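Reproduced below: protein-v6.txt, with compact mmCIF, C-alpha atoms.
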# COMPACT_ATOMS: atom_id res chain seq x y z
CA MET C 245 -20.06 13.98 12.47
CA ALA C 246 -16.46 14.71 13.50
CA HIS C 247 -16.97 12.79 16.77
CA LEU C 248 -15.05 15.36 18.81
CA LEU C 249 -15.56 14.62 22.50
CA GLN C 250 -16.42 18.19 23.48
CA THR C 251 -19.29 20.63 23.15
CA LEU C 252 -19.38 23.53 20.71
CA GLU C 253 -18.67 25.97 23.55
CA GLN C 254 -15.68 23.95 24.77
CA PHE C 255 -14.23 23.66 21.28
CA SER C 256 -14.71 27.40 20.60
CA LYS C 257 -13.02 28.28 23.90
CA LYS C 258 -10.13 25.92 23.14
CA ALA C 259 -9.69 27.39 19.63
CA PHE C 260 -9.75 30.96 20.98
CA VAL C 261 -7.23 30.24 23.76
CA PHE C 262 -4.89 28.39 21.39
CA SER C 263 -5.08 31.26 18.88
CA LEU C 264 -4.47 33.78 21.66
CA TYR C 265 -1.29 32.00 22.73
CA ALA C 266 -0.19 31.74 19.08
CA GLY C 267 -0.83 35.48 18.64
CA ILE C 268 1.26 36.31 21.71
CA GLY C 269 4.02 34.08 20.34
CA GLY C 270 3.79 35.86 16.98
CA ALA C 271 4.06 39.26 18.66
CA ALA C 272 7.14 38.09 20.60
CA LEU C 273 8.78 36.80 17.41
CA ALA C 274 8.04 40.08 15.64
CA PHE C 275 9.62 41.98 18.54
CA PHE C 276 12.83 39.91 18.55
CA PHE C 277 13.22 40.00 14.77
CA PHE C 278 12.41 43.65 14.10
CA SER C 279 13.18 45.55 17.32
CA ARG C 280 16.85 46.03 16.40
CA SER C 281 16.35 46.66 12.69
CA LEU C 282 13.68 49.36 13.15
CA LYS C 283 15.23 52.77 13.61
CA VAL C 284 12.09 54.33 15.06
CA LYS C 285 11.19 52.59 18.32
CA ALA C 286 7.61 53.77 18.05
CA ALA C 287 7.21 51.46 15.03
CA VAL C 288 7.88 48.37 17.17
CA LEU C 289 4.36 48.34 18.63
CA PRO C 290 2.56 48.32 15.23
CA VAL C 291 4.88 45.52 14.08
CA MET C 292 4.06 43.50 17.21
CA LEU C 293 0.33 44.12 16.67
CA ALA C 294 0.70 42.96 13.07
CA GLY C 295 2.51 39.80 14.22
CA PHE C 296 -0.15 39.14 16.85
CA SER C 297 -3.01 39.63 14.37
CA LEU C 298 -1.39 37.45 11.71
CA PHE C 299 -0.62 34.50 14.01
CA PHE C 300 -3.95 34.82 15.83
CA LEU C 301 -6.05 34.78 12.65
CA LEU C 302 -4.06 31.96 11.03
CA SER C 303 -4.26 29.82 14.17
CA LEU C 304 -7.98 30.49 14.57
CA ALA C 305 -8.65 29.59 10.93
CA PHE C 306 -6.64 26.38 11.37
CA MET C 307 -8.47 25.39 14.56
CA LEU C 308 -11.89 26.05 13.01
CA GLN C 309 -11.00 23.73 10.12
CA MET C 310 -10.17 20.83 12.45
CA PRO C 311 -13.75 19.42 12.55
CA LYS C 312 -13.89 19.42 8.73
CA GLY C 313 -10.55 17.65 8.60
CA SER C 314 -11.77 15.05 11.08
CA ILE C 315 -14.97 14.52 9.09
CA ARG C 316 -12.99 14.08 5.87
CA ARG C 317 -10.62 11.63 7.57
CA ARG C 318 -13.53 9.54 8.87
CA GLU C 319 -15.19 9.65 5.43
CA ARG C 320 -12.10 8.29 3.68
CA GLU C 321 -11.69 5.61 6.34
CA ILE C 322 -15.28 4.40 5.92
CA ASN C 323 -15.40 4.62 2.12
CA LYS C 324 -12.37 2.35 1.74
CA GLU C 325 -14.21 -0.56 3.38
CA VAL C 326 -17.90 0.30 3.09
CA LEU C 327 -18.52 -2.04 0.13
CA PHE C 328 -16.86 -4.99 1.86
CA ALA C 329 -18.76 -4.29 5.09
CA GLY C 330 -22.06 -3.99 3.23
CA ARG C 331 -21.53 -7.29 1.44
CA TYR C 332 -20.56 -8.94 4.70
CA LEU C 333 -23.80 -7.67 6.23
CA LEU C 334 -25.76 -8.89 3.21
CA VAL C 335 -24.27 -12.39 3.46
CA LYS C 336 -25.21 -12.58 7.14
CA ILE C 337 -28.81 -11.45 6.50
CA GLU C 338 -29.24 -13.80 3.54
CA SER C 339 -27.93 -16.65 5.73
CA GLY C 340 -30.89 -16.15 8.06
CA TYR C 341 -29.24 -14.04 10.77
CA PRO C 342 -31.44 -11.37 12.40
CA LEU C 343 -30.42 -7.81 11.59
CA PHE C 344 -29.19 -7.07 15.12
CA ASN C 345 -27.02 -10.20 15.19
CA SER C 346 -25.63 -9.26 11.76
CA LEU C 347 -24.71 -5.83 13.10
CA ILE C 348 -22.97 -7.44 16.09
CA ASP C 349 -20.93 -9.67 13.78
CA ALA C 350 -20.05 -6.65 11.62
CA ALA C 351 -18.86 -4.83 14.74
CA ARG C 352 -16.49 -7.73 15.45
CA MET C 353 -14.76 -7.58 12.07
CA LYS C 354 -11.00 -7.02 12.08
CA ASN C 355 -11.01 -3.81 10.09
CA ARG C 356 -11.42 -0.07 10.62
CA ILE C 357 -15.09 0.18 9.72
CA ALA C 358 -16.06 -2.25 12.51
CA LYS C 359 -15.94 0.54 15.10
CA TYR C 360 -18.74 2.39 13.28
CA PHE C 361 -20.96 -0.68 13.50
CA LYS C 362 -19.95 -1.02 17.14
CA GLU C 363 -21.26 2.50 17.80
CA ILE C 364 -24.66 1.40 16.48
CA VAL C 365 -24.62 -1.83 18.50
CA ASP C 366 -23.61 0.00 21.69
CA GLU C 367 -26.44 2.49 21.24
CA ILE C 368 -28.96 -0.34 20.78
CA ASN C 369 -27.60 -2.12 23.86
CA THR C 370 -28.24 1.01 25.94
CA GLY C 371 -31.96 0.72 25.19
CA THR C 372 -32.31 2.75 22.00
CA PRO C 373 -34.69 1.19 19.43
CA ILE C 374 -32.89 -0.21 16.41
CA GLU C 375 -34.66 2.23 14.06
CA ALA C 376 -33.61 5.23 16.17
CA ALA C 377 -30.03 3.95 16.42
CA LEU C 378 -29.79 3.51 12.64
CA GLU C 379 -31.34 6.95 12.07
CA SER C 380 -28.84 8.57 14.44
CA ALA C 381 -25.93 6.75 12.78
CA ARG C 382 -27.15 7.83 9.35
CA GLU C 383 -27.57 11.46 10.37
CA TYR C 384 -24.14 11.83 11.99
CA ASN C 385 -22.17 9.63 9.60
CA ALA C 386 -19.42 11.22 7.52
CA SER C 387 -19.71 8.85 4.53
CA LYS C 388 -22.45 9.34 1.96
CA LYS C 389 -22.07 5.72 0.84
CA PHE C 390 -22.54 4.40 4.35
CA LYS C 391 -25.53 6.71 4.75
CA LYS C 392 -27.12 5.10 1.69
CA ILE C 393 -26.70 1.62 3.18
CA LEU C 394 -28.15 2.67 6.52
CA TRP C 395 -31.03 4.47 4.80
CA GLN C 396 -31.95 1.37 2.79
CA ILE C 397 -31.92 -0.80 5.92
CA LEU C 398 -33.96 1.79 7.82
CA SER C 399 -36.49 2.14 5.00
CA SER C 400 -36.92 -1.63 4.82
CA LEU C 401 -37.54 -1.81 8.57
CA LYS C 402 -40.11 0.99 8.44
CA THR C 403 -41.98 -0.35 5.41
CA GLY C 404 -41.65 -4.01 6.38
CA THR C 405 -39.99 -5.02 3.12
CA GLU C 406 -37.11 -7.48 2.76
CA VAL C 407 -33.83 -5.97 3.94
CA ALA C 408 -31.63 -8.22 1.79
CA GLY C 409 -33.20 -7.14 -1.51
CA SER C 410 -32.86 -3.40 -0.95
CA LEU C 411 -29.38 -3.83 0.51
CA ARG C 412 -28.26 -5.86 -2.51
CA SER C 413 -29.54 -3.12 -4.83
CA ILE C 414 -27.75 -0.27 -3.06
CA LEU C 415 -24.50 -2.25 -2.87
CA LYS C 416 -24.63 -2.78 -6.61
CA ASN C 417 -25.05 0.99 -7.11
CA ILE C 418 -22.12 1.72 -4.78
CA ALA C 419 -19.95 -0.79 -6.67
CA ASN C 420 -20.80 0.93 -9.95
CA GLU C 421 -19.98 4.34 -8.42
CA GLU C 422 -16.60 3.10 -7.24
CA LEU C 423 -15.87 1.63 -10.68
CA VAL C 424 -16.58 5.04 -12.24
CA GLU C 425 -14.32 6.71 -9.65
CA ILE C 426 -11.47 4.30 -10.44
CA LYS C 427 -11.82 4.89 -14.19
CA GLY C 428 -11.87 8.65 -13.63
CA TYR C 429 -8.77 8.38 -11.46
CA GLY C 430 -6.99 6.49 -14.23
CA LYS C 431 -7.78 9.28 -16.73
CA LYS C 432 -6.53 11.90 -14.25
CA LEU C 433 -3.28 9.98 -13.79
CA ASN C 434 -2.65 10.06 -17.54
CA SER C 435 -2.96 13.86 -17.52
CA TYR C 436 -0.84 14.20 -14.39
CA MET C 437 1.91 12.03 -15.85
CA LEU C 438 2.00 14.18 -19.00
CA PHE C 439 2.44 17.37 -16.96
CA TYR C 440 4.94 15.59 -14.71
CA MET C 441 7.13 14.55 -17.65
CA VAL C 442 7.11 18.13 -18.95
CA LEU C 443 7.61 20.04 -15.67
CA ALA C 444 9.78 17.60 -13.70
CA CYS C 445 11.85 15.97 -16.45
CA ILE C 446 11.99 17.89 -19.74
CA VAL C 447 11.95 21.48 -18.45
CA PRO C 448 14.77 21.03 -15.86
CA SER C 449 17.11 19.12 -18.20
CA LEU C 450 16.59 21.31 -21.27
CA GLY C 451 16.35 24.44 -19.14
CA ILE C 452 19.74 23.85 -17.51
CA SER C 453 21.34 23.12 -20.88
CA LEU C 454 19.90 26.29 -22.45
CA PHE C 455 20.87 28.34 -19.39
CA ILE C 456 24.51 27.17 -19.58
CA ILE C 457 24.68 27.90 -23.32
CA ILE C 458 23.11 31.36 -22.98
CA ALA C 459 25.29 32.14 -19.95
CA SER C 460 28.43 31.25 -21.92
CA PHE C 461 27.43 33.64 -24.74
CA LEU C 462 26.63 36.46 -22.33
CA GLY C 463 29.67 35.86 -20.19
CA LEU C 464 27.67 35.08 -17.07
CA ALA C 465 29.24 32.97 -14.35
CA VAL C 466 27.39 29.74 -13.56
CA VAL C 467 27.92 29.02 -9.87
CA THR C 468 26.87 26.21 -7.55
CA ALA C 469 24.03 28.34 -6.11
CA HIS C 470 22.22 28.22 -9.46
CA PHE C 471 22.16 24.41 -9.45
CA ILE C 472 21.05 24.36 -5.80
CA ILE C 473 18.10 26.61 -6.70
CA VAL C 474 17.19 24.25 -9.57
CA ILE C 475 17.36 21.21 -7.27
CA ILE C 476 15.15 22.92 -4.68
CA GLY C 477 12.67 23.85 -7.42
CA ILE C 478 12.56 20.26 -8.70
CA PHE C 479 11.99 19.06 -5.13
CA PHE C 480 8.95 21.31 -4.72
CA VAL C 481 7.59 20.25 -8.12
CA GLN C 482 7.91 16.59 -7.09
CA LEU C 483 6.22 17.33 -3.76
CA PHE C 484 3.40 19.18 -5.52
CA PHE C 485 2.67 16.23 -7.82
CA ILE C 486 2.79 13.73 -4.93
CA ILE C 487 0.27 15.78 -2.94
CA MET C 488 -1.97 16.33 -5.97
CA ILE C 489 -2.04 12.63 -6.93
CA LYS C 490 -2.69 11.57 -3.34
CA ALA C 491 -5.50 14.12 -2.96
CA SER C 492 -7.24 13.00 -6.17
CA ARG C 493 -7.06 9.31 -5.27
CA PRO C 494 -10.60 7.87 -4.87
CA ASP C 495 -11.74 6.65 -1.46
CA VAL C 496 -11.58 3.05 -2.60
CA ASP C 497 -9.36 0.27 -1.30
CA LEU C 498 -7.50 -0.27 -4.58
Go through the file and emit its structure as structure tokens.
Amino acid sequence: MAHLLQTLEQFSKKAFVFSLYAGIGGAALAFFFFSRSLKVKAAVLPVMLAGFSLFFLLSLAFMLQMPKGSIRRREREINKEVLFAGRYLLVKIESGYPLFNSLIDAARMKNRIAKYFKEIVDEINTGTPIEAALESAREYNASKKFKKILWQILSSLKTGTEVAGSLRSILKNIANEELVEIKGYGKKLNSYMLFYMVLACIVPSLGISLFIIIASFLGLAVVTAHFIIVIIGIFFVQLFFIIMIKASRPDVDL
């Protein structure tokens, strides 16, 4: 599903070697940072082992998550254009084009989802039956919506029913699902904006004012470092909201 051009053994070996190098680098950093500050030289080795273990485990966990990240990236890429591609395929079939010719035309589209149709077409051109090619594409596809489209086409081919009718029905369901996702995203944005106004606008402005007033009563000195800390905090709050809004955005080409 991630379409990584290597076997499981090759990927595991690559992840282990990368993590090993990262662990050695972590041990070296721990040595340079703590060798002078540690009074007991015997404590340097445990610190290096801790640095090695920390960097090794973090790197290994990161490498093992790469396939999931690739699958998620492919899923978002397909979902943004799957409805348009499905409707394009439906128009071709309803116009009297054979299914294989419709797939070829879909593979020639000037968008990102065309390469996924091209994978199916290339597999058929190598001698694979069209049913087997569609089944393979459905099994190893990252998008659930695209899987539904392929499953409807495959079911129609196996049962001998009209492809256009079943495809039209599933596209209508996908359109309704995307409409629900967009409405849900709008409701989430309302909540996010409320928290954003409180945490990023009201709290910093009122907080600084209250801090200056309280500091004047207590005789505390307000220095530039305090305002720098506030600015850095606001920056991280802004970054947090940007990441959260982007992550909750539906996989729809709005």
I'd like the neighbourhood of Ile374 (chain C) as an mmCIF file with C-alpha atoms, in the frame of the given file, where a residue qualifies if any of its atoms comes within 10 Å (using all atoms listed in the file), though same-chain residues fewer than 3 positions away should be ignored.
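Just written: part22.cif:
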data_model
loop_
_atom_site.group_PDB
_atom_site.id
_atom_site.type_symbol
_atom_site.label_atom_id
_atom_site.label_comp_id
_atom_site.auth_asym_id
_atom_site.auth_seq_id
_atom_site.Cartn_x
_atom_site.Cartn_y
_atom_site.Cartn_z
ATOM 1 C CA LEU C 343 -30.420 -7.810 11.590
ATOM 2 C CA PHE C 344 -29.190 -7.070 15.120
ATOM 3 C CA ILE C 364 -24.660 1.400 16.480
ATOM 4 C CA VAL C 365 -24.620 -1.830 18.500
ATOM 5 C CA GLU C 367 -26.440 2.490 21.240
ATOM 6 C CA ILE C 368 -28.960 -0.340 20.780
ATOM 7 C CA ASN C 369 -27.600 -2.120 23.860
ATOM 8 C CA GLY C 371 -31.960 0.720 25.190
ATOM 9 C CA ALA C 377 -30.030 3.950 16.420
ATOM 10 C CA LEU C 378 -29.790 3.510 12.640
ATOM 11 C CA GLU C 379 -31.340 6.950 12.070
ATOM 12 C CA SER C 380 -28.840 8.570 14.440
ATOM 13 C CA LEU C 398 -33.960 1.790 7.820
ATOM 14 C CA LEU C 401 -37.540 -1.810 8.570
#
Next on the checklist: For a test of reading the model, state the distance in Å between CA of Met441 (chain C) and CA of Leu483 (chain C), rounded to one decimal.
Outcome noted: 14.2 Å
Item to check | Who sits within 9 Å of Ile418 (chain C), only C-alpha atoms, same chain under 5 positions skipped, as a PyMOL selection string | outcome: chain C and resi 327+389+392+413+423
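Checking C:Ile414, C:Val288, C:Leu308, C:Ile472 one by one against Phe276 (chain C), counting only C-alpha atoms, you find the shortest gap at C:Val288.
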Checklist entry - Restricting the calculation to only C-alpha atoms, which member of C:Thr372, C:Pro342, C:Tyr384, C:Ile268 is positioned closest to Tyr360 (chain C)? => result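 Ranking C:Thr372, C:Pro342, C:Tyr384, C:Ile268 by distance to Tyr360 (chain C), first place goes to C:Tyr384.
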Find the axis-aligned box for region 370-383 of chain C, covering all its listed atoms and adding 5 Å on each side, and write its centre and edge lengths in Å to one decimal as AutoDock Vina command-line options.
--center_x -30.3 --center_y 5.6 --center_z 17.6 --size_x 18.8 --size_y 21.7 --size_z 26.6
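One distance worth recording is that between CA of Val496 (chain C) and CA of Lys391 (chain C), which is 16.2 Å.
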Checklist entry - Which residue out of C:Ile473, C:Ala246, C:Tyr436, C:Val424 has the minimum interatomic distance to Ser314 (chain C) when all atoms listed in the file are used? => result C:Ala246
Item to check | Among listed residues C:Ile486, C:Val466, C:Ala351, C:Ala408, nearest Ser453 (chain C) (using all atoms listed in the file) | outcome: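 Answer, going by the shortest atom-to-atom distance: C:Val466.
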Checklist entry - Could you work out how far CA of Ser256 (chain C) lies from CA of Ala271 (chain C), giving the answer in Å with one decimal? => result 22.3 Å
Item to check | Nearest-residue call for Met307 (chain C), choices C:Arg412, C:Lys257, C:Lys336, C:Arg352, using all atoms listed in the file | outcome: C:Lys257
Checklist entry - Looking at C:Ile322, C:Leu438, C:Ala444, C:Ala469, which one is nearest to Lys388 (chain C), with distances taken over all atoms listed in the file? => result C:Ile322
Next on the checklist: Within 6 Å of (-19.8, 7.8, 7.6) in the file's own coordinates, which protein, DNA or RNA residues have an atom, counting all atoms listed in the file? List them as a list in words.
Outcome noted: Glu319, Ile322, Asn385, Ala386, Ser387 and Phe390 of chain C
As a short mmCIF file (atom, residue, chain, number, x, y, z; two decimals), in the coordinates of the input, the rebuilt region 457-491 of chain C with N, CA and C atoms:
data_model
loop_
_atom_site.label_atom_id
_atom_site.label_comp_id
_atom_site.auth_asym_id
_atom_site.auth_seq_id
_atom_site.Cartn_x
_atom_site.Cartn_y
_atom_site.Cartn_z
N ILE C 457 24.28 27.39 -22.00
CA ILE C 457 24.68 27.90 -23.32
C ILE C 457 24.52 29.41 -23.40
N ILE C 458 23.35 29.91 -22.93
CA ILE C 458 23.11 31.36 -22.98
C ILE C 458 24.08 32.10 -22.08
N ALA C 459 24.36 31.50 -20.88
CA ALA C 459 25.29 32.14 -19.95
C ALA C 459 26.70 32.23 -20.54
N SER C 460 27.10 31.21 -21.30
CA SER C 460 28.43 31.25 -21.92
C SER C 460 28.53 32.34 -22.98
N PHE C 461 27.43 32.57 -23.73
CA PHE C 461 27.43 33.64 -24.74
C PHE C 461 27.44 35.02 -24.09
N LEU C 462 26.72 35.15 -22.99
CA LEU C 462 26.63 36.46 -22.33
C LEU C 462 27.76 36.71 -21.35
N GLY C 463 28.56 35.70 -21.11
CA GLY C 463 29.67 35.86 -20.19
C GLY C 463 29.25 35.81 -18.73
N LEU C 464 28.14 35.19 -18.45
CA LEU C 464 27.67 35.08 -17.07
C LEU C 464 28.32 33.89 -16.38
N ALA C 465 28.62 34.05 -15.12
CA ALA C 465 29.24 32.97 -14.35
C ALA C 465 28.17 32.04 -13.81
N VAL C 466 28.31 30.76 -14.08
CA VAL C 466 27.39 29.74 -13.56
C VAL C 466 28.00 29.16 -12.29
N VAL C 467 27.38 29.45 -11.16
CA VAL C 467 27.92 29.02 -9.87
C VAL C 467 27.07 27.90 -9.29
N THR C 468 27.57 27.34 -8.19
CA THR C 468 26.87 26.21 -7.55
C THR C 468 25.49 26.61 -7.05
N ALA C 469 25.32 27.87 -6.64
CA ALA C 469 24.03 28.34 -6.11
C ALA C 469 22.92 28.18 -7.13
N HIS C 470 23.24 28.37 -8.42
CA HIS C 470 22.22 28.22 -9.46
C HIS C 470 21.69 26.79 -9.51
N PHE C 471 22.59 25.82 -9.40
CA PHE C 471 22.16 24.41 -9.45
C PHE C 471 21.40 24.03 -8.17
N ILE C 472 21.79 24.62 -7.05
CA ILE C 472 21.05 24.36 -5.80
C ILE C 472 19.62 24.87 -5.90
N ILE C 473 19.45 26.05 -6.51
CA ILE C 473 18.10 26.61 -6.70
C ILE C 473 17.27 25.70 -7.60
N VAL C 474 17.90 25.16 -8.66
CA VAL C 474 17.19 24.25 -9.57
C VAL C 474 16.77 22.98 -8.84
N ILE C 475 17.67 22.44 -8.02
CA ILE C 475 17.36 21.21 -7.27
C ILE C 475 16.21 21.44 -6.30
N ILE C 476 16.24 22.60 -5.61
CA ILE C 476 15.15 22.92 -4.68
C ILE C 476 13.83 23.07 -5.43
N GLY C 477 13.89 23.70 -6.61
CA GLY C 477 12.67 23.85 -7.42
C GLY C 477 12.12 22.51 -7.87
N ILE C 478 13.01 21.60 -8.29
CA ILE C 478 12.56 20.26 -8.70
C ILE C 478 11.95 19.52 -7.51
N PHE C 479 12.53 19.71 -6.33
CA PHE C 479 11.99 19.06 -5.13
C PHE C 479 10.55 19.50 -4.87
N PHE C 480 10.30 20.80 -4.97
CA PHE C 480 8.95 21.31 -4.72
C PHE C 480 7.97 20.87 -5.81
N VAL C 481 8.45 20.76 -7.04
CA VAL C 481 7.59 20.25 -8.12
C VAL C 481 7.20 18.81 -7.85
N GLN C 482 8.19 17.99 -7.43
CA GLN C 482 7.91 16.59 -7.09
C GLN C 482 6.91 16.50 -5.94
N LEU C 483 7.11 17.33 -4.91
CA LEU C 483 6.22 17.33 -3.76
C LEU C 483 4.81 17.74 -4.16
N PHE C 484 4.70 18.73 -5.04
CA PHE C 484 3.40 19.18 -5.52
C PHE C 484 2.64 18.06 -6.23
N PHE C 485 3.33 17.31 -7.09
CA PHE C 485 2.67 16.23 -7.82
C PHE C 485 2.28 15.08 -6.88
N ILE C 486 3.13 14.78 -5.90
CA ILE C 486 2.79 13.73 -4.93
C ILE C 486 1.52 14.08 -4.17
N ILE C 487 1.44 15.33 -3.69
CA ILE C 487 0.27 15.78 -2.94
C ILE C 487 -0.97 15.78 -3.83
N MET C 488 -0.82 16.25 -5.07
CA MET C 488 -1.97 16.33 -5.97
C MET C 488 -2.51 14.94 -6.33
N ILE C 489 -1.61 13.99 -6.58
CA ILE C 489 -2.04 12.63 -6.93
C ILE C 489 -2.70 11.96 -5.72
N LYS C 490 -2.12 12.17 -4.54
CA LYS C 490 -2.69 11.57 -3.34
C LYS C 490 -4.06 12.15 -3.03
N ALA C 491 -4.22 13.47 -3.25
CA ALA C 491 -5.50 14.12 -2.96
C ALA C 491 -6.60 13.69 -3.92
#
